[in-house]
Amino acid sequence: MNAQRLPRSPRTGLQVLRTGLRALRTGLRGWGGVGAMAAVCALAVTFALLLPLTQSHGDGSTGTGGQGVARGIQAKVAAECENPQDQSPQPSSLDGKTIEAIKARKDPRLIVGVDQNSYRWGYRDPNGGKTAELEGFDIDLVHRIAKDILGDENAVKFKAIPTNQRIPALKDGRVDMIVRTMTITCDRVKEVAFSAPYFLTGQQVLAPKSSTIKGYDKTLAGKRICSGAGSTALELLRKDRAAKKAGVASADIETVVPSQLDCLVRLQLGQVDAVVTDSALAASQAAQDPTVELKGEAFTTDYYGVAVKKGANDLAARVNRILEQYRQDGGWQASYDKWLSPTLGTKSESAKPPVPRYK
Amino acid sequence: MTSTSSAAPPATGSPDPLGTAGLPGIPSQPGRGPAPGVPQPPRRTAFAEGVDRLRAAATTEPGRLRIIGALLAVCVVAFGAVTAWQMTDRSSAADDVLHNSQPLSSAAADIYSSLADANTAASSGFLAGGDETSTSRERYLRDIRNAAGKLSAAATNSEPDSESATTIASLNKLLSEYTGYIERARANNRLGFPVGGSYLRLANDTMQKQMLPQAEKLYARENQRLSSDYADATSYPWAAIGLGVTVTGALVWAQRRNYRRTNRVLNHGLVAATAATTVVLLWLVAGQSFARSGLNDSYDHGIRSLNVLHDARIASLKARGNENLTLVARGAETVEVNGEVVDAYDHDFEGEMSTLGKGLAQAERLADDQAGRKPVASAVGGMEEWKSRHEEAQAAYELGDFQQALARVIGDKSDKPTGECFDSVDTALRTAIVHEQAEFQRAAGDGRDAMTGLPLGAAALAVLGAAGAVLGIGRRLSEYR
């Protein structure tokens, strides 16, 4: 922009400065953003005029050189996002920069973002008294990771992280990793790094046992469906409804709740007829109410992964190594049998650990 | 007046200067019937006859005296009647303030705070889970019973189909939904199911987003009624005062006239009538002024403080509920504030605490005696401590130490929980409310008492005054016989 305007601006620097000031004044008069932008532009032009070197790119624009990098990532994602779950680094037991920094802490504990309201995944028994600890499938995995990296399975600080805060929490460095039924998606792979998948899930329908709903099909016609705000399920429902998919096209998908568990409340109160969510979470809901069940098969394939900050490849590689051992020594299976097989069953696709593929 | 009578020519016929006209309305033409073709003079009305007679009477001194006496008596009686009527209105408005609208406003405030208190007690009990104490359970039950009882009392007091009646009906319906959610939350929590937390959040939503706003509306409407009763009770009775001044003037004039005609200084009857009228007038002005000052005092020092204190108490209850819900929801709900995503309940907590702070500052300014200032100061102290302990609890929560955070919110005394501070704020505010309520009762009672006996007294004195006027004039009249 600066370079283009340069030959067409015969004005002196003083004139331009005056223009800039005038623009700033108008900006302050109420056009906030627009005016301020105009002022910044005018100032940038002034700088360009006053500086003898015309190729100075450093002024005004934020993130110099960022464009090129961003384009590079986009190209890479577009090329490789067929299978976002296969982007994780090869397993390794080496302590890299990230792991060393964790060990060097005054209080060497792993800070992990978890869900504290997901029955069988991460929750605290409210009747456990003062010693109640978090427990569940995700929590078992966290203990395993802490034991391997820090030598003590309890060297963990669990932080309750809301669904929409998982990525910001990692980016801000508030947590070292997120182990919170987090699906590996193309969008997320752009922002954080994932371990190899540790659980296979998919979107599934949950409804009362007595319901006529048989699965994600035409039996949903005219039914009221609940989903969580910002969830994969909601996205899918909207897409299928727009595409006039049989059943979903005539369903009422207006009930959107802050947390997926609120869907079970709506179901129990008779305000909705079915819930669409991850099969793993649907199973956790079914475990809290013996009168509801999972209907039909999962109709998508998703993978849960441990998320770490972008660039913390040593930590991702280390988690991959731990997962490898976890699968081999039967730790994974024992945890599944304890928490999930009562509602997901032993024959489900989820009942075995997914086979990882690395970059 | 009918159209026939208004068509009658206005006394253009033969005026009867001697006032000796026969029966009114019958022309004095005895004997022969009217000759056919001769037009009959139109019938005259009683009014026209009366005017004629008065006119005739006004030409002689006894006649004039009769008229003056009658007018004075009527005016004095009218003054008494208007005074009694206007003061009965004001006195009953003052009585309404004391015994009707203020208790109703206070009952509405009670419904409001009972509901908020129940919600807070329910969330505290929920957080404790299986360790829920009987105290918090009983507190919840007592609040619900209290709210339900006050709601049915309010329903009885409200007019059918009025806005208040609709609000009360809707609150009743929501109350049963709310208690249903709470019991579901409790049952699921006992089973160890996290869906219990979802039910509690739903119950809390129902309470904070639907019930409390309606209860607040009810409260505001009752307060409006209270204000209008205040306005009725404190307005000056101008009609009575104006009439009183006129009547006194008329009495003075009558006595002056009497003096000039007879050179007698005192006419006992008229003096008595003047005295009675003056007493009623003074009593009226003084009584109303005292009543006004008492009622205004009860408003400034009672009602205004009470409103501020009620609002502060509601804010503290909401803040406590939100503090509990932060630990129940554990990040299940967030809001975006200035581009930053924060926990919805913690955000609401901060908002209510700032409302509480402002309310207490205002209550401190309004408190006008030591007994009123002390509990407010203690509430301020409790609030400061609460804020600092809350920060510690929140820090523990942020560090992932849930048990520590829980202990700092609902734990035992040794844990220095925020619950202790909330209790101290709540107790202090309740003490302050009781004190201001007593202040109100005293001042408003004083105000109302200033009007006691005025209507009856005014009526009795007016009758005496009228009698005095009639007797006084009668005495003069008798001199003509």
# chains A, B, ... in the order shown; residues from 1 in each chain; ligands from 1

call {"tool": "interface_residues", "arguments": {"of": "chain A", "to": "chain B", "cutoff": "7 Å", "atoms": "only C-alpha atoms", "output": "PyMOL selection string"}}
result
chain A and resi 116-119+125-127+130+157-162+258-259+261-262+265+288

call {"tool": "select_by_dssp", "arguments": {"residues": "range 165-280 of chain A", "states": "helix (DSSP H, G or I)", "output": "VMD selection string"}}
result
chain A and resid 165 to 171 186 to 189 218 to 220 232 to 242 248 to 250 261 to 268 279 to 280

call {"tool": "write_last_selection", "arguments": {"atoms": "N, CA and C atoms", "output": "tab-separated table (two decimals), in the first residue's frame"}}
result
chain	number	residue	atom	x	y	z
A	165	GLN	N	-12.35	-23.33	25.85
A	165	GLN	CA	-11.10	-22.76	26.35
A	165	GLN	C	-9.91	-23.70	26.18
A	166	ARG	N	-10.15	-24.85	25.55
A	166	ARG	CA	-9.08	-25.83	25.47
A	166	ARG	C	-7.89	-25.29	24.68
A	167	ILE	N	-8.16	-24.71	23.51
A	167	ILE	CA	-7.06	-24.22	22.68
A	167	ILE	C	-6.43	-22.96	23.26
A	168	PRO	N	-7.25	-21.96	23.67
A	168	PRO	CA	-6.63	-20.78	24.31
A	168	PRO	C	-5.78	-21.13	25.53
A	169	ALA	N	-6.22	-22.10	26.32
A	169	ALA	CA	-5.46	-22.47	27.52
A	169	ALA	C	-4.08	-23.01	27.14
A	170	LEU	N	-4.03	-23.78	26.08
A	170	LEU	CA	-2.74	-24.30	25.63
A	170	LEU	C	-1.87	-23.18	25.07
A	171	LYS	N	-2.48	-22.32	24.27
A	171	LYS	CA	-1.72	-21.23	23.63
A	171	LYS	C	-1.14	-20.28	24.66
A	186	CYS	N	-9.01	-31.19	11.64
A	186	CYS	CA	-8.13	-30.41	10.77
A	186	CYS	C	-7.94	-28.99	11.30
A	187	ASP	N	-9.06	-28.38	11.74
A	187	ASP	CA	-8.99	-27.02	12.25
A	187	ASP	C	-8.07	-26.93	13.45
A	188	ARG	N	-8.22	-27.89	14.35
A	188	ARG	CA	-7.43	-27.83	15.58
A	188	ARG	C	-5.96	-28.13	15.34
A	189	VAL	N	-5.69	-29.01	14.36
A	189	VAL	CA	-4.30	-29.34	14.06
A	189	VAL	C	-3.52	-28.09	13.66
A	218	LYS	N	-33.95	-41.96	9.16
A	218	LYS	CA	-35.27	-41.34	8.95
A	218	LYS	C	-36.16	-41.41	10.18
A	219	THR	N	-35.80	-42.28	11.15
A	219	THR	CA	-36.63	-42.34	12.36
A	219	THR	C	-36.54	-41.05	13.19
A	220	LEU	N	-35.59	-40.18	12.82
A	220	LEU	CA	-35.48	-38.89	13.53
A	220	LEU	C	-36.47	-37.85	13.02
A	232	THR	N	-19.18	-30.70	17.54
A	232	THR	CA	-19.13	-31.34	16.23
A	232	THR	C	-20.54	-31.77	15.83
A	233	ALA	N	-21.30	-32.25	16.82
A	233	ALA	CA	-22.65	-32.74	16.55
A	233	ALA	C	-23.53	-31.64	15.96
A	234	LEU	N	-23.46	-30.45	16.54
A	234	LEU	CA	-24.30	-29.35	16.07
A	234	LEU	C	-23.94	-28.97	14.63
A	235	GLU	N	-22.64	-28.92	14.37
A	235	GLU	CA	-22.14	-28.60	13.03
A	235	GLU	C	-22.70	-29.60	12.01
A	236	LEU	N	-22.62	-30.86	12.40
A	236	LEU	CA	-23.06	-31.95	11.52
A	236	LEU	C	-24.57	-31.88	11.28
A	237	LEU	N	-25.31	-31.63	12.36
A	237	LEU	CA	-26.77	-31.55	12.25
A	237	LEU	C	-27.17	-30.42	11.31
A	238	ARG	N	-26.51	-29.28	11.45
A	238	ARG	CA	-26.84	-28.14	10.59
A	238	ARG	C	-26.53	-28.44	9.14
A	239	LYS	N	-25.38	-29.11	8.94
A	239	LYS	CA	-24.97	-29.43	7.57
A	239	LYS	C	-25.98	-30.40	6.95
A	240	ASP	N	-26.33	-31.45	7.70
A	240	ASP	CA	-27.24	-32.47	7.16
A	240	ASP	C	-28.64	-31.93	6.96
A	241	ARG	N	-29.02	-31.00	7.79
A	241	ARG	CA	-30.34	-30.41	7.65
A	241	ARG	C	-30.40	-29.57	6.40
A	242	ALA	N	-29.31	-28.79	6.18
A	242	ALA	CA	-29.24	-27.97	4.98
A	242	ALA	C	-29.23	-28.86	3.73
A	248	VAL	N	-33.25	-35.92	9.49
A	248	VAL	CA	-32.74	-34.69	10.08
A	248	VAL	C	-33.42	-33.46	9.46
A	249	ALA	N	-33.77	-33.57	8.17
A	249	ALA	CA	-34.37	-32.43	7.45
A	249	ALA	C	-35.60	-31.90	8.17
A	250	SER	N	-36.42	-32.80	8.72
A	250	SER	CA	-37.65	-32.34	9.37
A	250	SER	C	-37.53	-32.32	10.89
A	261	LEU	N	-23.78	-32.35	28.67
A	261	LEU	CA	-24.50	-33.08	29.71
A	261	LEU	C	-25.89	-32.48	29.95
A	262	ASP	N	-26.03	-31.18	29.65
A	262	ASP	CA	-27.35	-30.55	29.81
A	262	ASP	C	-28.38	-31.20	28.89
A	263	CYS	N	-27.90	-31.87	27.81
A	263	CYS	CA	-28.82	-32.56	26.91
A	263	CYS	C	-29.53	-33.70	27.63
A	264	LEU	N	-28.83	-34.35	28.53
A	264	LEU	CA	-29.46	-35.45	29.27
A	264	LEU	C	-30.60	-34.90	30.13
A	265	VAL	N	-30.38	-33.72	30.69
A	265	VAL	CA	-31.42	-33.06	31.49
A	265	VAL	C	-32.65	-32.82	30.64
A	266	ARG	N	-32.44	-32.26	29.44
A	266	ARG	CA	-33.58	-31.98	28.54
A	266	ARG	C	-34.28	-33.28	28.15
A	267	LEU	N	-33.50	-34.33	27.94
A	267	LEU	CA	-34.07	-35.62	27.57
A	267	LEU	C	-34.92	-36.16	28.71
A	268	GLN	N	-34.40	-36.07	29.92
A	268	GLN	CA	-35.14	-36.58	31.08
A	268	GLN	C	-36.39	-35.76	31.36
A	279	SER	N	-19.95	-40.65	20.76
A	279	SER	CA	-20.42	-41.90	21.37
A	279	SER	C	-19.86	-42.06	22.77
A	280	ALA	N	-18.62	-41.59	22.95
A	280	ALA	CA	-18.01	-41.73	24.28
A	280	ALA	C	-18.78	-40.94	25.33

call {"tool": "residues_around", "arguments": {"residues": "Trp121 in chain A", "least_positions_apart": "6", "cutoff": "9 Å", "atoms": "only C-alpha atoms", "output": "short mmCIF file (atom, residue, chain, number, x, y, z; two decimals) with C-alpha atoms, in the first residue's frame"}}
result
data_model
loop_
_atom_site.label_atom_id
_atom_site.label_comp_id
_atom_site.auth_asym_id
_atom_site.auth_seq_id
_atom_site.Cartn_x
_atom_site.Cartn_y
_atom_site.Cartn_z
CA ASP A 115 -13.19 -32.07 32.18
CA GLU A 135 -11.42 -40.30 38.24
CA GLY A 136 -12.24 -41.71 34.83
CA PHE A 137 -10.70 -42.90 31.61
CA ASP A 138 -9.00 -39.58 30.78
CA ILE A 139 -7.76 -39.25 34.35
CA ASP A 140 -6.16 -42.73 34.27
CA ARG A 180 -10.34 -33.87 27.73
CA THR A 181 -12.22 -36.01 25.19
CA ALA A 280 -18.01 -41.73 24.28
CA LEU A 281 -19.95 -38.90 25.89
CA SER A 284 -21.25 -41.41 29.78
CA TRP A 339 -14.96 -47.15 33.03
CA LEU A 340 -16.46 -47.64 29.63
#

call {"tool": "residues_around", "arguments": {"residues": "Ala215 in chain B", "least_positions_apart": "5", "cutoff": "8 Å", "atoms": "only C-alpha atoms", "output": "PDB file with N, CA and C atoms, in the first residue's frame"}}
result
ATOM      1  N   ALA B 108     -43.425  -8.787  50.104  1.00  0.00           N
ATOM      2  CA  ALA B 108     -42.880  -9.019  48.766  1.00  0.00           C
ATOM      3  C   ALA B 108     -41.364  -9.113  48.841  1.00  0.00           C
ATOM      4  N   ILE B 111     -40.565 -12.523  50.086  1.00  0.00           N
ATOM      5  CA  ILE B 111     -40.664 -13.557  49.054  1.00  0.00           C
ATOM      6  C   ILE B 111     -39.376 -13.551  48.241  1.00  0.00           C
ATOM      7  N   TYR B 112     -38.994 -12.348  47.837  1.00  0.00           N
ATOM      8  CA  TYR B 112     -37.804 -12.164  47.027  1.00  0.00           C
ATOM      9  C   TYR B 112     -36.565 -12.746  47.729  1.00  0.00           C
ATOM     10  N   THR B 167     -48.364 -12.205  38.141  1.00  0.00           N
ATOM     11  CA  THR B 167     -46.992 -12.469  38.568  1.00  0.00           C
ATOM     12  C   THR B 167     -46.972 -13.539  39.651  1.00  0.00           C
ATOM     13  N   LEU B 171     -45.188 -17.119  39.527  1.00  0.00           N
ATOM     14  CA  LEU B 171     -44.159 -17.483  40.518  1.00  0.00           C
ATOM     15  C   LEU B 171     -44.495 -18.822  41.177  1.00  0.00           C
TER      16      LEU B 171
END

call {"tool": "residues_around", "arguments": {"residues": "Ile144 in chain B", "least_positions_apart": "5", "cutoff": "10 Å", "atoms": "only C-alpha atoms", "output": "list in words"}}
result
Ile111, Ser114, Leu115, Ala116, Asp117, Ala118, Asn119, Glu138, Arg139, Gly149, Lys150, Leu175, Ser176 and Thr179 of chain B

call {"tool": "atom_distance", "arguments": {"atom1": "CA of Ala154 in chain B", "atom2": "CA of Ala220 in chain B"}}
result
13.8 Å

call {"tool": "residues_around", "arguments": {"residues": "Met177 in chain A", "least_positions_apart": "4", "cutoff": "7 Å", "atoms": "only C-alpha atoms", "output": "count of residues only"}}
result
7

call {"tool": "residues_around", "arguments": {"residues": "Glu436 in chain B", "least_positions_apart": "3", "cutoff": "8 Å", "atoms": "only C-alpha atoms", "output": "CSV table (one decimal) with C-alpha atoms, in the first residue's frame"}}
result
chain,number,residue,atom,x,y,z
B,301,HIS,CA,-35.2,7.0,57.6
B,302,GLY,CA,-37.2,3.8,57.3
B,303,ILE,CA,-38.4,3.0,53.8
B,305,SER,CA,-32.9,2.4,54.2
B,306,LEU,CA,-35.1,-0.7,54.0
B,372,GLY,CA,-28.4,1.5,62.3
B,432,ALA,CA,-30.1,-3.7,60.1
B,433,ILE,CA,-33.4,-4.5,58.4
B,439,GLU,CA,-37.6,3.0,62.9
B,440,PHE,CA,-40.2,3.0,60.2

call {"tool": "atom_distance", "arguments": {"atom1": "CA of Lys295 in chain A", "atom2": "CA of Asp273 in chain A"}}
result
12.1 Å

call {"tool": "atom_distance", "arguments": {"atom1": "CA of Glu392 in chain B", "atom2": "CA of Ile410 in chain B"}}
result
13.2 Å
